[in-house]
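Asker: Please see the structure below; I have some questions.
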Amino acid sequence: MTSMIRTLLAGAMLTGAGLVATGLADAQDKAPAPELAFQLTEGQNLNAFVRDRAVAAHLLLRNGSDPRILVAFPAGNSGVGLWFQPLARAATWRLEQPPRATTAPGVAGPQPAIRSIASIDAPRLRFKQAVLSSVRFLRDYQSVGRFPQELAVAPTIAGDTIRWSRARLDGAPGYLLQIRVLSGRLSQDGIVAVSGAPIRLEIVASSGEKPLTGLAPSDLLNARAANDPAARNALRFLSYREKFLAGSWRFQTYFGRDTLMSLRLLMPALQPRAIEAGLGSVLARLDSDGDVAHEEGIGEFAVVDRRQHGGGGDAAVLDYAMIDDDFMLAPVAVSYLLDHADAAGAQAFLARPLTSEGVPGRVEPTGAALVRNLRFVAGRARGFAEAPGVDRLIALKPGRMTGQWRDSEEGLGRGRYAYDVNAVFVPAALDAAARLLRAGLLDRYMTAEDRTILARADAMARMWRVRAPSLFRVSIPAADARTKVQAYARSLGIPAQPAVGAIGTAPLVFHAIALDARGRPVRIVNSDEGFALLFADPSPADLDTYVTAAMRPFPAGLMTDIGLLVANAAQADAATQGRFTPAAYHGAVVWSWQQALFAAGLERQLARRDLPAATRAILTRAQATLWRAIQATRATQSSELWSWAFANGRYRVVAFGAGKQDVDESNAAQLWSTVYLAVQPPRANRAAGKR
């Protein structure tokens with residue numbers, strides 16, 4: 001269908017726009033309440049979520065001087081967005097009717113949609129750009145102002161209604177954004193308020209992509225889950241039988257690492273069906289070697305990508321660029337199969353037929369896919385186990401600056417060998433392989449060659465545990481460390497005390513965030529020590545050293561009133577410090593799930609019976625300090641991350657993305673930020689009713 005025909009068809013559909021809108025409103029008023037509906041405001045963004053019949057959607061209204069309307073659909077990771085020109089003064093949206101399911105006239109016929117009514121106290125809104133496509137393209141436009149020009153669509157206007165509508169590039173049912181002006185005057189370039197009243201709009205949005213199947217509440221959480229309505233709502237919106245979504249609005253699809261870490265931290269509170277849905281989604285996307293897929297490109301993103309590479313169709317485009325998720329799968333799977341599931345349930349899950357998306361056309365038992373990953377892990381780990389050396393560590397893939405959870409270009413301080421991957425996840429994956437081999441759970445899916453390869457996993461794990469962490473050890477004389485902390489504190493406008501005093505007289509020792517290409521440590525104190533707490537059994541001496549390093553007050557360590565920061569570049573050079581600011585995505589900011597990781601790790605270590613009293617005291621103090629900060633910021637727990645400002649002697653939370661210098665904005669609902677449903681305060685606090 002040509003663009004001209006689409007425009008004419010859209011115009012014809014708008015002939016009775018007022019009648020259509022009235023019909024939508026009447027139908028909506030009579031409809032039953034949606035199965036899930038909630039709202040939250042984060043920074044400048046007013047967010048409304050709904051799962052209602054065949055529709056799941058996230059409506060975002062941006063307040064301030066750069067307003068926008070955006071609707072993201074989990075179906076096909078698709079969305080529609082309308083950006084307005086900057087305003088002379090900040091304006092505020094008011095959501096008069098939250099989004100509800102309806103049916104709208106799409107290009108290829110009626111399709112599920114959402115309808116909402118909102119108003120904004122602006123004298124005028126001038127249209128800047130509408131983008132209707134994959135959320136990945138909306139995300140690109142929001143961050144860098146670009147999207148593929150073949151996606152551009154002109155609006156049609158009829159009376160008080162403006163409409164952007166088009167089929168998907170391959171002719172499949174497409175996208176709709178329809179705005180009816182209820183108060184104000186509509187023109188070709190915008191909307192003008194009348195008589196000083198707020199501009200009032202009816203918003204109808206739709207995506208023709210196939211809906212996902214939401215997990216029912218009874219299939220999601222068990223009785224151990226915390227009674228936290230905000231986290232429960234966010235998790236429900238992000239949980240589907242087909243997969244878990246990483247976050248909304250920006251990552252409304254499968255991400256391997258996000259799924260695995262969320263499953264591990266949520267596991268005590270999840271029902272088996274939910275755990276198996278998540279693990280199954282990861283196993284289904286393994287490539288032929290057993291590599292874990294990081295992200296999937298689906299819907300129109302897949303159509304565009306395949307055309308650009310000379311292909312066709314809309315089969316998922318899977319990204320295998322990350323290295324950490326490859327070594328996460330085995331430890332998370334073994335936690336479920338051997339520590340949480342009963343024997344019959346574990347065997348039934350492994351025997352279940354799995355339709356592969358990573359190897360199209362392959363159908364295999366789930367257990368066979370898991371064995372493929374274990375072989376992959378053992379193969380990647382073999383070189384260092386046989387001859388330990390920096391050049392045999394697991395490096396980022398050639399030409400990339402990202403490869404683990406700190407996946408912004410500067411997240412690893414330009415390092416090549418990540419601490420968490422090499423010091424924690426590789427040995428943890430090998431340990432998991434050895435456990436599964438001993439348990440015999442995968443025997444029916446293994447060949448003799450598989451058994452021979454995995455029989456070496458125990459010995460390889462020991463070599464990695466002994467030799468890899470020491471390569472990342474940084475030791476800085478106390479006097480030098482204090483000088484660096486004082487200078488860094490001045491540059492940030494925060495006090496140097498009590499951080500300087502917390503250093504003491506012994507050298508400042510911590511694990512570098514990464515090693516550079518020459519094997520030199522990138523001297524950034526970081527929160528990835530939490531992975532070692534959750535997936536390893538450090539010696540008491542290492543627990544004393546590295547937990548203390550993280551828990552010192554920032555900028556000696558990571559601790560602030562509003563949370564545990566994920567990075568502290570005080571001991572790095574000035575150029576690196578400039579790339580790890582409170583405005584950097586993986587800089588001196590707080591990520592909710594990293595705090596939960598550290599808290600869960602501390603609880604796991606405190607459950608050990610081989611720790612001396614002095615080490616237990618250090619861990620207990622760290623636990624109390626961390627939970628005070630977590631509980632002080634409960635209102636932000638379900639968001640992805642937050643930044644901070646310092647005033648009147650205290651840190652205060654600043655929503656990430658609210659500042660002009662922030663490189664991006666956070667998700668209002670983030671999968672791995674819901675993990676506090678399982679990661680709960682120390683038992684004494686819970687008994688005292690402090691949760």
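Here's how to read the names in the structure tokens: chain A, B, ... by the order shown, residue numbers from 1 in each chain, ligand numbers from 1 in the order shown.
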Considering only strand (DSSP E) as DSSP defines it on the backbone, what residues of region 99-332 of chain A qualify? List them as a ChimeraX atom specification.
Answerer: /A:99-106,109-120,124-134,156-158,161-166,175-183,185-187,190-192,199-207,247-248,295-297,317-319
Asker: Write out as a ChimeraX atom specification all residues of region 361-585 of chain A that DSSP puts in alpha helix (DSSP H) for this structure's backbone.
Answerer: /A:366-386,419,426-439,448-454,457-467,478-492,499-503,529-535,540-551,574-579
Asker: What does the file look like for those residues with C-alpha atoms, as a short mmCIF file (atom, residue, chain, number, x, y, z; two decimals), in the first residue's frame?
Answerer:
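File produced: result.cif:
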data_model
loop_
_atom_site.label_atom_id
_atom_site.label_comp_id
_atom_site.auth_asym_id
_atom_site.auth_seq_id
_atom_site.Cartn_x
_atom_site.Cartn_y
_atom_site.Cartn_z
CA THR A 366 14.88 -27.71 27.37
CA GLY A 367 17.62 -29.79 29.03
CA ALA A 368 19.47 -30.18 25.73
CA ALA A 369 19.59 -26.40 25.32
CA LEU A 370 21.01 -26.02 28.82
CA VAL A 371 23.74 -28.59 28.08
CA ARG A 372 24.68 -26.56 25.00
CA ASN A 373 25.29 -23.51 27.18
CA LEU A 374 27.35 -25.53 29.68
CA ARG A 375 29.61 -26.72 26.86
CA PHE A 376 29.96 -23.14 25.67
CA VAL A 377 30.94 -21.97 29.17
CA ALA A 378 33.52 -24.72 29.59
CA GLY A 379 35.03 -23.99 26.21
CA ARG A 380 35.41 -20.26 26.90
CA ALA A 381 36.92 -20.89 30.34
CA ARG A 382 39.44 -23.53 29.32
CA GLY A 383 42.28 -21.24 28.19
CA PHE A 384 42.71 -19.38 31.47
CA ALA A 385 42.26 -22.55 33.51
CA GLU A 386 45.16 -24.18 31.66
CA TYR A 419 35.72 -7.79 37.06
CA VAL A 426 33.00 -17.65 35.08
CA PRO A 427 33.84 -19.67 38.22
CA ALA A 428 30.17 -19.61 39.28
CA ALA A 429 29.12 -21.04 35.91
CA LEU A 430 31.75 -23.78 36.14
CA ASP A 431 30.64 -24.62 39.68
CA ALA A 432 27.05 -24.87 38.43
CA ALA A 433 28.07 -27.18 35.61
CA ALA A 434 29.90 -29.43 38.08
CA ARG A 435 26.87 -29.52 40.42
CA LEU A 436 24.51 -30.45 37.60
CA LEU A 437 26.88 -33.18 36.44
CA ARG A 438 27.06 -34.66 39.95
CA ALA A 439 23.28 -34.49 40.37
CA ALA A 448 29.87 -38.98 26.25
CA GLU A 449 31.83 -35.99 24.94
CA ASP A 450 29.68 -33.63 27.01
CA ARG A 451 30.47 -35.60 30.15
CA THR A 452 34.19 -35.56 29.41
CA ILE A 453 34.18 -31.79 28.91
CA LEU A 454 32.11 -31.05 32.00
CA ALA A 457 34.52 -28.04 35.39
CA ASP A 458 35.38 -28.41 39.10
CA ALA A 459 39.14 -28.08 38.53
CA MET A 460 38.69 -25.17 36.14
CA ALA A 461 36.44 -23.37 38.64
CA ARG A 462 39.11 -23.66 41.34
CA MET A 463 41.76 -22.13 39.08
CA TRP A 464 39.52 -19.21 38.13
CA ARG A 465 38.53 -18.56 41.77
CA VAL A 466 42.13 -18.52 42.95
CA ARG A 467 43.82 -16.63 40.13
CA ALA A 478 46.29 5.83 52.47
CA ALA A 479 47.87 9.28 52.10
CA ASP A 480 47.48 9.19 48.30
CA ALA A 481 43.89 7.94 48.59
CA ARG A 482 42.97 10.75 51.02
CA THR A 483 44.42 13.39 48.69
CA LYS A 484 42.40 12.04 45.78
CA VAL A 485 39.19 11.91 47.84
CA GLN A 486 39.61 15.51 49.01
CA ALA A 487 40.14 16.80 45.47
CA TYR A 488 37.25 14.79 44.08
CA ALA A 489 34.91 15.96 46.82
CA ARG A 490 35.76 19.60 46.00
CA SER A 491 35.02 19.01 42.32
CA LEU A 492 31.57 17.64 43.19
CA ALA A 499 34.92 9.92 53.74
CA VAL A 500 38.54 10.92 54.39
CA GLY A 501 38.37 9.76 57.99
CA ALA A 502 36.95 6.39 56.91
CA ILE A 503 40.10 5.56 54.94
CA GLU A 529 31.31 -6.74 44.64
CA GLY A 530 27.67 -7.64 45.23
CA PHE A 531 27.95 -10.38 42.61
CA ALA A 532 30.71 -12.04 44.62
CA LEU A 533 28.54 -11.87 47.74
CA LEU A 534 25.64 -13.61 45.97
CA PHE A 535 27.45 -16.11 43.74
CA PRO A 540 36.72 -13.88 55.67
CA ALA A 541 39.72 -11.66 54.92
CA ASP A 542 38.32 -10.76 51.49
CA LEU A 543 34.89 -10.08 52.95
CA ASP A 544 36.43 -7.75 55.52
CA THR A 545 38.42 -5.87 52.85
CA TYR A 546 35.99 -5.56 49.98
CA VAL A 547 32.73 -5.04 51.87
CA THR A 548 34.46 -2.31 53.88
CA ALA A 549 35.71 -0.72 50.64
CA ALA A 550 32.21 -0.49 49.19
CA MET A 551 30.50 0.65 52.40
CA ALA A 574 40.57 13.54 35.91
CA ALA A 575 39.40 12.51 32.45
CA THR A 576 37.81 9.33 33.81
CA GLN A 577 36.21 11.27 36.65
CA GLY A 578 34.61 13.52 34.04
CA ARG A 579 32.95 10.49 32.47
#
Asker: I'd like the neighbourhood of Pro360 (chain A) as JSON, numbers by chain, where a residue qualifies if any of its atoms comes within 10 Å (using only C-alpha atoms), though same-chain residues fewer than 5 positions away should be ignored.
Answerer: {"A": [284, 285, 287, 288, 315, 316, 355]}
Asker: Using Å and a single decimal, report how far CA of Arg100 (chain A) sits from CA of Ile117 (chain A).
Answerer: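 Taking CA of Ile117 (chain A) as the start and CA of Arg100 (chain A) as the end point, the length is 10.1 Å.
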Asker: Of the residues A:Pro123, A:Gly256, A:Gly415, A:Gly145, which is the one nearest to Arg520 (chain A), using only C-alpha atoms?
Answerer: A:Gly415
Asker: Quick one: everything within 12 Å of Ser281 (chain A), counting only C-alpha atoms, minus sequence neighbours fewer than 5 positions away in the same chain. Send it as number ranges by chain.
Answerer: A: 239-245, 253-260, 263, 274-276, 286, 292-296, 329, 354-358, 366, 369-370
Asker: Compile a residue-level contact table for region 373-470 of chain A against region 510-517 of chain A at a cut-off of 12 Å, reporting for every qualifying residue the shortest atom pair and its distance in Å to one decimal, with only C-alpha atoms counted, rows ordered by chain and ascending number, as CSV.
Answerer:
residue,atom,partner,partner_atom,distance
A:Val390,CA,A:Leu515,CA,8.6
A:Asp391,CA,A:Ala517,CA,8.6
A:Arg392,CA,A:Ala517,CA,11.7
A:Leu393,CA,A:Leu515,CA,10.0
A:Ile394,CA,A:Leu515,CA,10.9
A:Ala395,CA,A:Ala517,CA,8.8
A:Leu396,CA,A:Ala517,CA,9.9
A:Lys397,CA,A:Ala517,CA,11.9
A:Pro398,CA,A:Ala517,CA,11.1
A:Gly399,CA,A:Ala517,CA,11.9
A:Met401,CA,A:Asp516,CA,10.7
A:Thr402,CA,A:Ala514,CA,11.4
A:Gly403,CA,A:Ala514,CA,11.4
A:Gln404,CA,A:Ala514,CA,10.9
A:Trp405,CA,A:Ile513,CA,11.8
A:Arg406,CA,A:Ile513,CA,10.0
A:Glu410,CA,A:Ile513,CA,11.6
A:Gly411,CA,A:Ile513,CA,9.2
A:Leu412,CA,A:Ala514,CA,6.3
A:Gly413,CA,A:Ala514,CA,7.6
A:Arg414,CA,A:Asp516,CA,6.8
A:Gly415,CA,A:Asp516,CA,4.1
A:Arg416,CA,A:Asp516,CA,5.0
A:Tyr417,CA,A:Leu515,CA,5.0
A:Ala418,CA,A:Ala514,CA,4.3
A:Tyr419,CA,A:Ala514,CA,5.1
A:Asp420,CA,A:Ile513,CA,7.9
A:Val421,CA,A:Ala514,CA,9.5
A:Asn422,CA,A:Ala514,CA,9.4
A:Ala423,CA,A:His511,CA,9.7
A:Val424,CA,A:His511,CA,11.8
A:Ala468,CA,A:His511,CA,11.1
A:Pro469,CA,A:His511,CA,7.7
A:Ser470,CA,A:His511,CA,8.3
Asker: How about saving the chosen residues, N, CA, C and O atoms kept, as a short mmCIF file (atom, residue, chain, number, x, y, z; two decimals), in the first residue's frame?
Answerer:
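Final output, saved to part14.cif:
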data_model
loop_
_atom_site.label_atom_id
_atom_site.label_comp_id
_atom_site.auth_asym_id
_atom_site.auth_seq_id
_atom_site.Cartn_x
_atom_site.Cartn_y
_atom_site.Cartn_z
N VAL A 390 46.35 -12.55 31.95
CA VAL A 390 45.38 -11.53 31.56
C VAL A 390 44.86 -11.78 30.15
O VAL A 390 43.65 -11.64 29.88
N ASP A 391 45.72 -12.15 29.24
CA ASP A 391 45.32 -12.30 27.85
C ASP A 391 44.39 -13.50 27.64
O ASP A 391 43.83 -13.67 26.55
N ARG A 392 44.19 -14.32 28.69
CA ARG A 392 43.28 -15.46 28.58
C ARG A 392 42.01 -15.26 29.39
O ARG A 392 41.19 -16.19 29.51
N LEU A 393 41.85 -14.10 29.96
CA LEU A 393 40.57 -13.75 30.58
C LEU A 393 39.50 -13.58 29.50
O LEU A 393 39.80 -13.53 28.30
N ILE A 394 38.26 -13.47 29.93
CA ILE A 394 37.15 -13.24 29.00
C ILE A 394 37.07 -11.74 28.72
O ILE A 394 36.76 -10.95 29.60
N ALA A 395 37.36 -11.37 27.50
CA ALA A 395 37.39 -9.95 27.11
C ALA A 395 36.08 -9.55 26.45
O ALA A 395 35.30 -10.40 26.00
N LEU A 396 35.85 -8.24 26.41
CA LEU A 396 34.76 -7.74 25.59
C LEU A 396 35.00 -8.16 24.15
O LEU A 396 36.15 -8.36 23.72
N LYS A 397 33.94 -8.26 23.39
CA LYS A 397 34.10 -8.67 22.00
C LYS A 397 34.80 -7.57 21.20
O LYS A 397 34.70 -6.38 21.53
N PRO A 398 35.57 -7.95 20.19
CA PRO A 398 36.37 -6.96 19.44
C PRO A 398 35.53 -5.80 18.92
O PRO A 398 34.42 -5.99 18.43
N GLY A 399 36.11 -4.61 19.06
CA GLY A 399 35.45 -3.41 18.55
C GLY A 399 34.36 -2.86 19.44
O GLY A 399 33.72 -1.87 19.08
N MET A 401 32.90 -1.46 23.38
CA MET A 401 33.26 -0.91 24.68
C MET A 401 32.29 -1.38 25.77
O MET A 401 32.39 -0.96 26.92
N THR A 402 31.34 -2.23 25.40
CA THR A 402 30.36 -2.75 26.35
C THR A 402 30.32 -4.26 26.25
O THR A 402 30.64 -4.84 25.21
N GLY A 403 29.87 -4.89 27.35
CA GLY A 403 29.77 -6.34 27.32
C GLY A 403 29.15 -6.93 28.56
O GLY A 403 28.93 -8.13 28.63
N GLN A 404 28.88 -6.08 29.55
CA GLN A 404 28.20 -6.57 30.76
C GLN A 404 27.17 -5.52 31.18
O GLN A 404 26.79 -4.67 30.37
N TRP A 405 26.68 -5.58 32.42
CA TRP A 405 25.51 -4.77 32.75
C TRP A 405 25.78 -3.28 32.66
O TRP A 405 24.86 -2.49 32.40
N ARG A 406 27.01 -2.84 32.81
CA ARG A 406 27.34 -1.42 32.65
C ARG A 406 27.51 -1.13 31.15
O ARG A 406 28.58 -0.78 30.68
N GLU A 410 30.80 4.26 28.33
CA GLU A 410 31.82 4.57 29.34
C GLU A 410 31.65 3.76 30.61
O GLU A 410 32.35 3.97 31.60
N GLY A 411 30.71 2.79 30.60
CA GLY A 411 30.36 2.11 31.84
C GLY A 411 31.48 1.35 32.51
O GLY A 411 31.50 1.22 33.74
N LEU A 412 32.42 0.84 31.73
CA LEU A 412 33.56 0.10 32.28
C LEU A 412 34.83 0.93 32.32
O LEU A 412 35.93 0.39 32.47
N GLY A 413 34.71 2.24 32.17
CA GLY A 413 35.90 3.08 32.20
C GLY A 413 36.89 2.76 31.10
O GLY A 413 38.09 2.91 31.26
N ARG A 414 36.35 2.30 29.97
CA ARG A 414 37.15 1.92 28.80
C ARG A 414 38.01 0.68 29.05
O ARG A 414 39.03 0.47 28.40
N GLY A 415 37.57 -0.15 30.02
CA GLY A 415 38.26 -1.41 30.27
C GLY A 415 37.85 -2.47 29.26
O GLY A 415 36.84 -2.36 28.58
N ARG A 416 38.66 -3.55 29.20
CA ARG A 416 38.40 -4.65 28.27
C ARG A 416 38.01 -5.94 28.99
O ARG A 416 37.35 -6.80 28.41
N TYR A 417 38.44 -6.10 30.24
CA TYR A 417 38.18 -7.32 31.00
C TYR A 417 37.40 -6.94 32.25
O TYR A 417 37.94 -6.33 33.17
N ALA A 418 36.12 -7.28 32.29
CA ALA A 418 35.25 -6.86 33.40
C ALA A 418 35.50 -7.73 34.64
O ALA A 418 35.62 -8.95 34.54
N TYR A 419 35.53 -7.07 35.80
CA TYR A 419 35.72 -7.79 37.06
C TYR A 419 34.62 -8.82 37.30
O TYR A 419 34.90 -9.99 37.61
N ASP A 420 33.35 -8.42 37.16
CA ASP A 420 32.27 -9.33 37.52
C ASP A 420 32.27 -10.58 36.66
O ASP A 420 32.06 -11.69 37.16
N VAL A 421 32.53 -10.43 35.38
CA VAL A 421 32.52 -11.58 34.48
C VAL A 421 33.62 -12.56 34.86
O VAL A 421 33.38 -13.77 35.03
N ASN A 422 34.83 -12.06 35.01
CA ASN A 422 35.99 -12.93 35.18
C ASN A 422 36.19 -13.43 36.60
O ASN A 422 36.56 -14.59 36.80
N ALA A 423 35.96 -12.58 37.57
CA ALA A 423 36.23 -12.97 38.96
C ALA A 423 35.05 -13.69 39.61
O ALA A 423 35.23 -14.41 40.59
N VAL A 424 33.84 -13.50 39.07
CA VAL A 424 32.65 -14.08 39.71
C VAL A 424 31.91 -15.05 38.80
O VAL A 424 31.73 -16.23 39.13
N ALA A 468 41.91 -15.41 39.17
CA ALA A 468 41.32 -14.26 38.49
C ALA A 468 41.10 -13.04 39.39
O ALA A 468 41.49 -11.92 39.03
N PRO A 469 40.51 -13.16 40.59
CA PRO A 469 40.24 -11.96 41.39
C PRO A 469 41.48 -11.14 41.71
O PRO A 469 41.43 -9.90 41.75
N SER A 470 42.61 -11.81 41.94
CA SER A 470 43.82 -11.07 42.33
C SER A 470 44.31 -10.14 41.23
O SER A 470 44.99 -9.15 41.50
#
Asker: Need to verify the contact set: region 666-673 of chain A, 7 Å, only C-alpha atoms, exclusion of same-chain residues closer than 4 positions in sequence. Can you return it as an MDAnalysis selection string?
Answerer: chainID A and resid 42 234:235 238 245:250 258 262 592:593 637:641 656:657
Asker: For the residues in that selection, give me N, CA, C and O atoms as a short mmCIF file (atom, residue, chain, number, x, y, z; two decimals), in the first residue's frame.
Answerer:
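Result saved to again-v7.cif:
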data_model
loop_
_atom_site.label_atom_id
_atom_site.label_comp_id
_atom_site.auth_asym_id
_atom_site.auth_seq_id
_atom_site.Cartn_x
_atom_site.Cartn_y
_atom_site.Cartn_z
N GLU A 42 7.55 10.12 37.96
CA GLU A 42 8.99 10.05 38.21
C GLU A 42 9.64 11.23 37.50
O GLU A 42 9.60 11.33 36.28
N ALA A 234 4.39 -3.22 39.02
CA ALA A 234 5.43 -3.15 38.00
C ALA A 234 5.78 -4.54 37.49
O ALA A 234 5.91 -4.76 36.27
N LEU A 235 5.93 -5.51 38.40
CA LEU A 235 6.28 -6.86 37.98
C LEU A 235 5.18 -7.47 37.13
O LEU A 235 5.45 -8.13 36.12
N LEU A 238 5.27 -6.30 33.61
CA LEU A 238 6.44 -6.73 32.85
C LEU A 238 6.54 -8.24 32.67
O LEU A 238 7.49 -8.72 32.06
N LEU A 245 9.70 -8.60 30.39
CA LEU A 245 10.18 -7.38 29.76
C LEU A 245 11.19 -6.71 30.69
O LEU A 245 11.00 -6.68 31.91
N ALA A 246 12.23 -6.14 30.12
CA ALA A 246 13.29 -5.56 30.94
C ALA A 246 12.85 -4.28 31.64
O ALA A 246 13.27 -4.02 32.78
N GLY A 247 12.05 -3.46 30.98
CA GLY A 247 11.65 -2.20 31.61
C GLY A 247 10.79 -1.38 30.68
O GLY A 247 10.80 -1.56 29.47
N SER A 248 10.04 -0.48 31.28
CA SER A 248 9.13 0.33 30.48
C SER A 248 9.29 1.80 30.84
O SER A 248 9.42 2.15 32.01
N TRP A 249 9.43 2.68 29.80
CA TRP A 249 8.98 2.41 28.45
C TRP A 249 10.09 1.95 27.49
O TRP A 249 9.82 1.42 26.41
N ARG A 250 11.35 2.09 27.87
CA ARG A 250 12.44 2.06 26.90
C ARG A 250 12.89 0.65 26.52
O ARG A 250 13.52 0.47 25.49
N ASP A 258 18.93 -9.10 32.16
CA ASP A 258 17.89 -8.58 33.04
C ASP A 258 16.98 -9.70 33.52
O ASP A 258 16.59 -9.75 34.70
N SER A 262 17.06 -10.89 37.48
CA SER A 262 15.78 -10.70 38.17
C SER A 262 15.25 -12.03 38.68
O SER A 262 14.74 -12.11 39.81
N SER A 592 18.70 0.74 41.54
CA SER A 592 17.92 0.06 42.57
C SER A 592 18.31 -1.40 42.72
O SER A 592 18.52 -1.90 43.83
N TRP A 593 18.44 -2.12 41.61
CA TRP A 593 18.70 -3.55 41.71
C TRP A 593 20.11 -3.85 42.23
O TRP A 593 20.34 -4.90 42.82
N GLN A 637 12.01 2.85 44.53
CA GLN A 637 12.59 1.51 44.39
C GLN A 637 12.29 0.83 43.06
O GLN A 637 13.12 0.11 42.53
N SER A 638 11.10 1.05 42.50
CA SER A 638 10.74 0.34 41.27
C SER A 638 11.28 1.01 40.02
O SER A 638 11.13 0.48 38.93
N SER A 639 11.88 2.19 40.18
CA SER A 639 12.47 2.84 39.01
C SER A 639 13.84 2.24 38.73
O SER A 639 14.42 1.53 39.54
N GLU A 640 14.37 2.55 37.58
CA GLU A 640 15.61 1.94 37.12
C GLU A 640 16.81 2.44 37.92
O GLU A 640 17.61 1.66 38.43
N LEU A 641 16.96 3.73 38.00
CA LEU A 641 18.08 4.35 38.71
C LEU A 641 17.72 5.76 39.07
O LEU A 641 16.73 6.31 38.60
N PHE A 656 16.65 10.42 37.48
CA PHE A 656 17.60 10.41 36.37
C PHE A 656 16.85 10.72 35.08
O PHE A 656 15.84 10.10 34.76
N GLY A 657 17.36 11.68 34.33
CA GLY A 657 16.69 12.14 33.12
C GLY A 657 16.01 13.48 33.32
O GLY A 657 15.56 14.11 32.36
#
Asker: Using only C-alpha atoms, can you tell me which of A:Asn233, A:Asn526, A:Ser218, A:Gln595 comes closest to Ala569 (chain A)?
Answerer: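 Of A:Asn233, A:Asn526, A:Ser218, A:Gln595, the one nearest Ala569 (chain A) is A:Asn526, counting only C-alpha atoms.
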Asker: To one decimal place in Å, what is the distance between CA of Gln188 (chain A) and CA of Ala154 (chain A)?
Answerer: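 Between CA of Gln188 (chain A) and CA of Ala154 (chain A) the gap works out to 10.6 Å.
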Asker: At a cut-off of 10 Å, using only C-alpha atoms, what residues contact Val135 (chain A)? Leave out same-chain residues fewer than 5 positions from it and give the result as a ChimeraX atom specification.
Answerer: /A:70-74,76-81,140-141,248-253,297-301
Asker: Taking only C-alpha atoms into account, which of A:Ala622, A:Leu270, A:Leu177, A:Ala655 comes nearest Ala341 (chain A)?
Answerer: A:Leu270
Asker: Would you pick out the contacts of Phe554 (chain A) at 8 Å or less, using only C-alpha atoms, so that residues sharing its chain but fewer than 4 positions from it are not included, and give the list as a ChimeraX atom specification?
Answerer: /A:499,558-560,568
